[in-house]
Amino acid sequence: MSRRSDELALLASAKPRLHIHEDAALNAEPPVEQLDSLLTPIASFFIRNNGVLPEPADPERWRLTIDGEVERPAEWTLAGLRQRFETVTIPAVLECAGNGRGQFSPATDGLPWGLGAVGCARWTGVRLADVLEPSAPKPGAVYTGHHSPDRSAANPDKDAISRGLPIGKALAPETLIAFGMNDGPLPHLHGGPLRIVAPGYPGSAWQKWLSRISLRPQEHDGEKMRGTDYRLPVRSIAPGEPLDPADFAVITDMPVKSLITRPLSGFAVTSGEPLRVAGFAWSGATPVASVAVSADDGLSWREAELEAGEGPFAWRPFSVELKGLGPGPITVIARATDISGRSQPLAMPWNPRGYCNNVVQRVTGQIIP
């Protein structure tokens, strides 16, 4: 079997209901109905890759190197990490920066993700700050660079991806080197045996198959850290306008967002019966404050009940019952707002790389007489 065939067979066995995108790398997402739970089952969790998956590794032989701007370079085994440092578990949303890219018009480059490149899981590991401390980072260390053995599909001599974190985020208590997911070992498809967990940051910063962390005296310049990769424009850029990397900044905070998981598009409800709308809301560094739901294209809104999630970086369930709906076609909208007052836009805010689409979701159906 070819390497690609092996990847597809592994995906089909572990995640049989995911939609596979046409791409040289293995990328797949679930339908919305598979995301209707506080914690997303591993079988329903999306897969995002920039290159060829590495061969599955023996966790007992895995090594993590710490080097660069440190006084004492180190090498850790998984057993050594578990024995030396406190194990912590953090529920958090993982979302690809390109989630929802398929909705952009005009279309942008990159995978045309639907709404399924997101999930909420319980991540278990050790704090990145704790692991860096014995190596004594130098005062000039301002960024981490993350390295792993996955290779470019076009050039096996080239890294598939090598991203990093500003030192402040690297040392934040929620940032982990994870070896567990949803109370079990971290699966190979999700970066096992080790990956970065950086709640609030886009999934590109959550490096999988982590084998080396190098502290840098400047912003990391690894693969997919340069040019306009995983960056948003700092000014308005028109479709077709030449792109200058100087006009872009690294994405370090995912925007407030919501997902309606009930009802699904195409629903039908008898007139006079209440319509229950439910789903989840989340954001990056700024917590969600509220969710409102509209059935008349935003002319009027009903405040939804917003429940606590599994933790500050997990998504939060919302629900509301809409009553008195007259017969005919209907479009339901959910709109989340964070505590700083930022709300999901009602119209699509276009950008040339198709990142951070948080436009409100519209779910269409019928009220039957």
# chains A, B, ... in the order shown; residues from 1 in each chain; ligands from 1
$ select_by_dssp --residues "range 80-152 of chain A" --states "strand (DSSP E or B)" --output "ChimeraX atom specification"
/A:87-95,118-127,137,143-147,151
$ write_last_selection --atoms "N, CA, C and O atoms" --output "mmCIF file, in the first residue's frame"
data_model
loop_
_atom_site.group_PDB
_atom_site.id
_atom_site.type_symbol
_atom_site.label_atom_id
_atom_site.label_comp_id
_atom_site.auth_asym_id
_atom_site.auth_seq_id
_atom_site.Cartn_x
_atom_site.Cartn_y
_atom_site.Cartn_z
ATOM 1 N N THR A 87 0.867 16.656 36.239
ATOM 2 C CA THR A 87 -0.049 16.378 35.137
ATOM 3 C C THR A 87 -1.319 17.196 35.338
ATOM 4 O O THR A 87 -1.905 17.209 36.417
ATOM 5 N N VAL A 88 -1.727 17.892 34.304
ATOM 6 C CA VAL A 88 -2.926 18.727 34.372
ATOM 7 C C VAL A 88 -3.822 18.413 33.177
ATOM 8 O O VAL A 88 -3.355 17.938 32.132
ATOM 9 N N THR A 89 -5.126 18.674 33.336
ATOM 10 C CA THR A 89 -6.099 18.468 32.274
ATOM 11 C C THR A 89 -6.856 19.765 32.049
ATOM 12 O O THR A 89 -7.350 20.378 33.005
ATOM 13 N N ILE A 90 -6.952 20.183 30.781
ATOM 14 C CA ILE A 90 -7.633 21.421 30.418
ATOM 15 C C ILE A 90 -8.595 21.146 29.268
ATOM 16 O O ILE A 90 -8.158 20.755 28.180
ATOM 17 N N PRO A 91 -9.905 21.329 29.476
ATOM 18 C CA PRO A 91 -10.845 21.266 28.355
ATOM 19 C C PRO A 91 -10.696 22.529 27.501
ATOM 20 O O PRO A 91 -10.646 23.642 28.037
ATOM 21 N N ALA A 92 -10.606 22.364 26.200
ATOM 22 C CA ALA A 92 -10.394 23.529 25.331
ATOM 23 C C ALA A 92 -10.873 23.239 23.919
ATOM 24 O O ALA A 92 -10.826 22.095 23.447
ATOM 25 N N VAL A 93 -11.317 24.301 23.270
ATOM 26 C CA VAL A 93 -11.693 24.234 21.861
ATOM 27 C C VAL A 93 -10.444 24.290 20.997
ATOM 28 O O VAL A 93 -9.552 25.113 21.219
ATOM 29 N N LEU A 94 -10.396 23.418 20.018
ATOM 30 C CA LEU A 94 -9.372 23.451 18.976
ATOM 31 C C LEU A 94 -10.080 23.755 17.670
ATOM 32 O O LEU A 94 -10.995 23.031 17.267
ATOM 33 N N GLU A 95 -9.683 24.843 17.019
ATOM 34 C CA GLU A 95 -10.322 25.244 15.765
ATOM 35 C C GLU A 95 -9.265 25.624 14.741
ATOM 36 O O GLU A 95 -8.333 26.379 15.048
ATOM 37 N N VAL A 118 -13.578 22.155 13.853
ATOM 38 C CA VAL A 118 -13.568 22.631 15.236
ATOM 39 C C VAL A 118 -14.046 21.492 16.125
ATOM 40 O O VAL A 118 -14.813 20.625 15.696
ATOM 41 N N GLY A 119 -13.570 21.469 17.345
ATOM 42 C CA GLY A 119 -14.027 20.487 18.325
ATOM 43 C C GLY A 119 -13.570 20.909 19.704
ATOM 44 O O GLY A 119 -12.679 21.756 19.856
ATOM 45 N N CYS A 120 -14.197 20.332 20.714
ATOM 46 C CA CYS A 120 -13.840 20.635 22.094
ATOM 47 C C CYS A 120 -13.451 19.334 22.772
ATOM 48 O O CYS A 120 -14.229 18.369 22.758
ATOM 49 N N ALA A 121 -12.251 19.296 23.321
ATOM 50 C CA ALA A 121 -11.742 18.070 23.934
ATOM 51 C C ALA A 121 -11.131 18.370 25.284
ATOM 52 O O ALA A 121 -10.856 19.527 25.632
ATOM 53 N N ARG A 122 -10.908 17.315 26.024
ATOM 54 C CA ARG A 122 -10.204 17.395 27.304
ATOM 55 C C ARG A 122 -8.756 16.983 27.038
ATOM 56 O O ARG A 122 -8.489 15.833 26.659
ATOM 57 N N TRP A 123 -7.817 17.918 27.225
ATOM 58 C CA TRP A 123 -6.405 17.697 26.900
ATOM 59 C C TRP A 123 -5.617 17.493 28.190
ATOM 60 O O TRP A 123 -5.747 18.273 29.134
ATOM 61 N N THR A 124 -4.789 16.467 28.219
ATOM 62 C CA THR A 124 -4.014 16.142 29.420
ATOM 63 C C THR A 124 -2.522 16.134 29.086
ATOM 64 O O THR A 124 -2.107 15.584 28.067
ATOM 65 N N GLY A 125 -1.751 16.758 29.963
ATOM 66 C CA GLY A 125 -0.308 16.795 29.750
ATOM 67 C C GLY A 125 0.392 17.545 30.869
ATOM 68 O O GLY A 125 -0.086 17.568 32.008
ATOM 69 N N VAL A 126 1.505 18.158 30.534
ATOM 70 C CA VAL A 126 2.274 18.956 31.497
ATOM 71 C C VAL A 126 2.393 20.374 30.953
ATOM 72 O O VAL A 126 2.343 20.593 29.743
ATOM 73 N N ARG A 127 2.512 21.345 31.846
ATOM 74 C CA ARG A 127 2.615 22.734 31.411
ATOM 75 C C ARG A 127 3.932 22.967 30.671
ATOM 76 O O ARG A 127 5.004 22.556 31.135
ATOM 77 N N PRO A 137 15.407 29.468 30.425
ATOM 78 C CA PRO A 137 15.370 30.339 29.239
ATOM 79 C C PRO A 137 16.171 31.622 29.449
ATOM 80 O O PRO A 137 16.122 32.230 30.519
ATOM 81 N N TYR A 143 10.303 33.893 21.695
ATOM 82 C CA TYR A 143 9.389 33.046 20.926
ATOM 83 C C TYR A 143 9.845 31.603 21.048
ATOM 84 O O TYR A 143 11.043 31.336 21.242
ATOM 85 N N THR A 144 8.902 30.681 20.938
ATOM 86 C CA THR A 144 9.266 29.273 20.804
ATOM 87 C C THR A 144 9.151 28.862 19.338
ATOM 88 O O THR A 144 8.326 29.407 18.595
ATOM 89 N N GLY A 145 9.969 27.929 18.929
ATOM 90 C CA GLY A 145 9.852 27.294 17.627
ATOM 91 C C GLY A 145 9.593 25.814 17.839
ATOM 92 O O GLY A 145 10.323 25.163 18.584
ATOM 93 N N HIS A 146 8.552 25.283 17.216
ATOM 94 C CA HIS A 146 8.148 23.893 17.429
ATOM 95 C C HIS A 146 8.488 23.053 16.204
ATOM 96 O O HIS A 146 8.291 23.497 15.065
ATOM 97 N N HIS A 147 8.975 21.856 16.456
ATOM 98 C CA HIS A 147 9.438 20.999 15.366
ATOM 99 C C HIS A 147 8.871 19.589 15.517
ATOM 100 O O HIS A 147 8.679 19.104 16.639
ATOM 101 N N ARG A 151 6.390 15.681 7.121
ATOM 102 C CA ARG A 151 7.106 16.285 6.002
ATOM 103 C C ARG A 151 6.152 16.849 4.961
ATOM 104 O O ARG A 151 5.002 16.426 4.830
#
$ residues_around --residues "range 271-277 of chain A" --least-positions-apart "2" --cutoff "9 Å" --atoms "only C-alpha atoms" --output "list in words"
Ile260, Thr261, Arg262, Pro263, Val269, Gly279, Val293, Ala304, Phe318, Ser319, Val320, Glu321, Leu322, Lys323, Gly324, Leu325, Gly326, Pro327, Gly328, Val332, Ala334, Ile367, Ile368 and Pro369 of chain A
$ closest_residue --among "A:Ile237, A:Val291, A:Ala12, A:Cys356" --to "Ile251 in chain A" --atoms "only C-alpha atoms"
A:Cys356
$ select_by_dssp --residues "range 180-218 of chain A" --states "helix (DSSP H, G or I)" --output "PyMOL selection string"
chain A and resi 188-190+203-205
$ closest_residue --among "A:Glu55, A:Asn27, A:Arg335, A:Pro193" --to "Asp6 in chain A" --atoms "only C-alpha atoms"
A:Glu55
$ closest_atom_pairs --of "range 40-100 of chain A" --to "range 158-168 of chain A" --cutoff "9 Å" --atoms "only C-alpha atoms" --output "CSV"
residue,atom,partner,partner_atom,distance
A:Asn49,CA,A:Ala160,CA,8.2
A:Asn50,CA,A:Ala160,CA,5.4
A:Gly51,CA,A:Ala160,CA,4.8
A:Val52,CA,A:Ala160,CA,7.4
$ closest_residue --among "A:Thr40, A:Ser13, A:Thr77, A:Gln366" --to "Arg212 in chain A" --atoms "only C-alpha atoms"
A:Thr77
$ closest_residue --among "A:Glu307, A:Asp253, A:Glu29, A:Glu71" --to "Ile42 in chain A" --atoms "only C-alpha atoms"
A:Glu29
$ atom_distance --atom1 "CA of Ser148 in chain A" --atom2 "CA of Leu115 in chain A"
27.5 Å
$ closest_residue --among "A:Arg353, A:Arg316, A:Lys257, A:Arg362" --to "Thr337 in chain A" --atoms "only C-alpha atoms"
A:Lys257
$ closest_residue --among "A:Ala178, A:Trp282, A:Ala249, A:Met225" --to "Gly309 in chain A" --atoms "only C-alpha atoms"
A:Trp282
$ atom_distance --atom1 "CA of Ser211 in chain A" --atom2 "CA of Pro199 in chain A"
20.0 Å
$ residues_around --residues "Leu64 in chain A" --least-positions-apart "3" --cutoff "12 Å" --atoms "only C-alpha atoms" --output "mmCIF file with N, CA, C and O atoms, in the first residue's frame"
data_model
loop_
_atom_site.group_PDB
_atom_site.id
_atom_site.type_symbol
_atom_site.label_atom_id
_atom_site.label_comp_id
_atom_site.auth_asym_id
_atom_site.auth_seq_id
_atom_site.Cartn_x
_atom_site.Cartn_y
_atom_site.Cartn_z
ATOM 1 N N PRO A 59 5.719 5.301 21.910
ATOM 2 C CA PRO A 59 5.833 6.376 22.910
ATOM 3 C C PRO A 59 7.034 6.218 23.833
ATOM 4 O O PRO A 59 7.610 7.226 24.272
ATOM 5 N N GLU A 60 7.442 4.990 24.135
ATOM 6 C CA GLU A 60 8.564 4.788 25.055
ATOM 7 C C GLU A 60 9.892 5.221 24.442
ATOM 8 O O GLU A 60 10.857 5.469 25.175
ATOM 9 N N ARG A 61 9.945 5.317 23.123
ATOM 10 C CA ARG A 61 11.192 5.715 22.465
ATOM 11 C C ARG A 61 11.174 7.178 22.024
ATOM 12 O O ARG A 61 12.168 7.678 21.484
ATOM 13 N N ASP A 67 16.020 23.273 23.299
ATOM 14 C CA ASP A 67 17.300 23.912 22.999
ATOM 15 C C ASP A 67 17.072 25.355 22.568
ATOM 16 O O ASP A 67 16.011 25.920 22.792
ATOM 17 N N PRO A 73 20.281 23.041 27.692
ATOM 18 C CA PRO A 73 19.483 22.200 26.794
ATOM 19 C C PRO A 73 19.141 20.877 27.474
ATOM 20 O O PRO A 73 19.879 20.399 28.342
ATOM 21 N N ALA A 74 18.018 20.298 27.088
ATOM 22 C CA ALA A 74 17.552 19.070 27.746
ATOM 23 C C ALA A 74 16.891 18.149 26.740
ATOM 24 O O ALA A 74 16.487 18.564 25.645
ATOM 25 N N GLU A 75 16.787 16.890 27.133
ATOM 26 C CA GLU A 75 16.046 15.897 26.353
ATOM 27 C C GLU A 75 15.164 15.116 27.319
ATOM 28 O O GLU A 75 15.624 14.652 28.357
ATOM 29 N N TRP A 76 13.880 14.983 26.957
ATOM 30 C CA TRP A 76 12.911 14.344 27.837
ATOM 31 C C TRP A 76 12.252 13.154 27.161
ATOM 32 O O TRP A 76 11.935 13.200 25.967
ATOM 33 N N THR A 77 12.025 12.114 27.924
ATOM 34 C CA THR A 77 11.164 11.013 27.492
ATOM 35 C C THR A 77 9.756 11.295 28.000
ATOM 36 O O THR A 77 9.545 12.155 28.871
ATOM 37 N N LEU A 78 8.770 10.550 27.508
ATOM 38 C CA LEU A 78 7.416 10.714 28.033
ATOM 39 C C LEU A 78 7.360 10.330 29.498
ATOM 40 O O LEU A 78 6.718 11.014 30.304
ATOM 41 N N ALA A 79 8.048 9.262 29.847
ATOM 42 C CA ALA A 79 8.074 8.842 31.250
ATOM 43 C C ALA A 79 8.710 9.918 32.112
ATOM 44 O O ALA A 79 8.253 10.207 33.227
ATOM 45 N N GLY A 80 9.771 10.559 31.603
ATOM 46 C CA GLY A 80 10.436 11.613 32.353
ATOM 47 C C GLY A 80 9.535 12.819 32.564
ATOM 48 O O GLY A 80 9.523 13.420 33.646
ATOM 49 N N LEU A 81 8.761 13.188 31.532
ATOM 50 C CA LEU A 81 7.824 14.299 31.674
ATOM 51 C C LEU A 81 6.771 13.993 32.733
ATOM 52 O O LEU A 81 6.456 14.836 33.584
ATOM 53 N N LEU A 128 3.841 23.638 29.553
ATOM 54 C CA LEU A 128 5.049 23.978 28.792
ATOM 55 C C LEU A 128 5.994 24.810 29.649
ATOM 56 O O LEU A 128 7.215 24.600 29.616
ATOM 57 N N VAL A 131 8.151 22.647 31.848
ATOM 58 C CA VAL A 131 9.198 21.911 31.124
ATOM 59 C C VAL A 131 10.342 22.833 30.728
ATOM 60 O O VAL A 131 11.510 22.429 30.724
ATOM 61 N N LEU A 132 10.030 24.086 30.412
ATOM 62 C CA LEU A 132 11.079 25.026 30.028
ATOM 63 C C LEU A 132 11.910 25.493 31.230
ATOM 64 O O LEU A 132 13.102 25.791 31.086
ATOM 65 N N HIS A 146 8.552 25.283 17.216
ATOM 66 C CA HIS A 146 8.148 23.893 17.429
ATOM 67 C C HIS A 146 8.488 23.053 16.204
ATOM 68 O O HIS A 146 8.291 23.497 15.065
ATOM 69 N N HIS A 147 8.975 21.856 16.456
ATOM 70 C CA HIS A 147 9.438 20.999 15.366
ATOM 71 C C HIS A 147 8.871 19.589 15.517
ATOM 72 O O HIS A 147 8.679 19.104 16.639
ATOM 73 N N SER A 148 8.623 18.964 14.374
ATOM 74 C CA SER A 148 8.050 17.622 14.363
ATOM 75 C C SER A 148 8.455 16.911 13.069
ATOM 76 O O SER A 148 8.946 17.551 12.134
ATOM 77 N N PRO A 149 8.256 15.592 13.002
ATOM 78 C CA PRO A 149 8.772 14.841 11.865
ATOM 79 C C PRO A 149 7.855 14.769 10.651
ATOM 80 O O PRO A 149 8.207 14.100 9.665
ATOM 81 N N ILE A 177 2.111 20.728 26.980
ATOM 82 C CA ILE A 177 2.621 19.652 26.121
ATOM 83 C C ILE A 177 1.740 18.455 26.466
ATOM 84 O O ILE A 177 1.832 17.901 27.568
ATOM 85 N N PRO A 193 2.792 10.908 19.964
ATOM 86 C CA PRO A 193 2.603 10.911 21.414
ATOM 87 C C PRO A 193 2.588 12.275 22.105
ATOM 88 O O PRO A 193 2.150 12.364 23.248
ATOM 89 N N LEU A 194 3.057 13.366 21.456
ATOM 90 C CA LEU A 194 3.082 14.674 22.115
ATOM 91 C C LEU A 194 2.640 15.760 21.145
ATOM 92 O O LEU A 194 3.015 15.745 19.963
ATOM 93 N N ARG A 195 1.872 16.713 21.672
ATOM 94 C CA ARG A 195 1.527 17.892 20.882
ATOM 95 C C ARG A 195 1.420 19.108 21.800
ATOM 96 O O ARG A 195 1.265 18.984 23.016
ATOM 97 N N ILE A 196 1.475 20.275 21.192
ATOM 98 C CA ILE A 196 1.225 21.524 21.907
ATOM 99 C C ILE A 196 -0.283 21.726 22.044
ATOM 100 O O ILE A 196 -1.048 21.441 21.121
ATOM 101 N N TRP A 209 2.911 15.874 16.948
ATOM 102 C CA TRP A 209 4.115 15.026 16.904
ATOM 103 C C TRP A 209 5.345 15.816 17.366
ATOM 104 O O TRP A 209 6.420 15.783 16.752
ATOM 105 N N LEU A 210 5.192 16.505 18.460
ATOM 106 C CA LEU A 210 6.218 17.442 18.938
ATOM 107 C C LEU A 210 7.492 16.696 19.332
ATOM 108 O O LEU A 210 7.478 15.837 20.209
ATOM 109 N N SER A 211 8.604 17.045 18.707
ATOM 110 C CA SER A 211 9.875 16.389 19.013
ATOM 111 C C SER A 211 10.965 17.364 19.470
ATOM 112 O O SER A 211 11.976 16.935 20.028
ATOM 113 N N ARG A 212 10.738 18.663 19.243
ATOM 114 C CA ARG A 212 11.757 19.642 19.628
ATOM 115 C C ARG A 212 11.110 20.997 19.833
ATOM 116 O O ARG A 212 10.226 21.395 19.056
ATOM 117 N N ILE A 213 11.545 21.698 20.877
ATOM 118 C CA ILE A 213 11.160 23.088 21.115
ATOM 119 C C ILE A 213 12.445 23.895 21.206
ATOM 120 O O ILE A 213 13.291 23.635 22.059
ATOM 121 N N SER A 214 12.596 24.853 20.308
ATOM 122 C CA SER A 214 13.782 25.696 20.292
ATOM 123 C C SER A 214 13.365 27.122 20.642
ATOM 124 O O SER A 214 12.506 27.701 19.978
#
$ residues_around --residues "Tyr230 in chain A" --least-positions-apart "2" --cutoff "9 Å" --atoms "only C-alpha atoms" --output "list in words"
Ala97, Gly98, Pro202, Ser204, Lys224, Met225, Arg226, Gly227, Thr228, Leu232, Ala249, Val250, Ile251, Arg353 and Tyr355 of chain A
$ atom_distance --atom1 "CA of Ala289 in chain A" --atom2 "CA of Arg342 in chain A"
9.6 Å
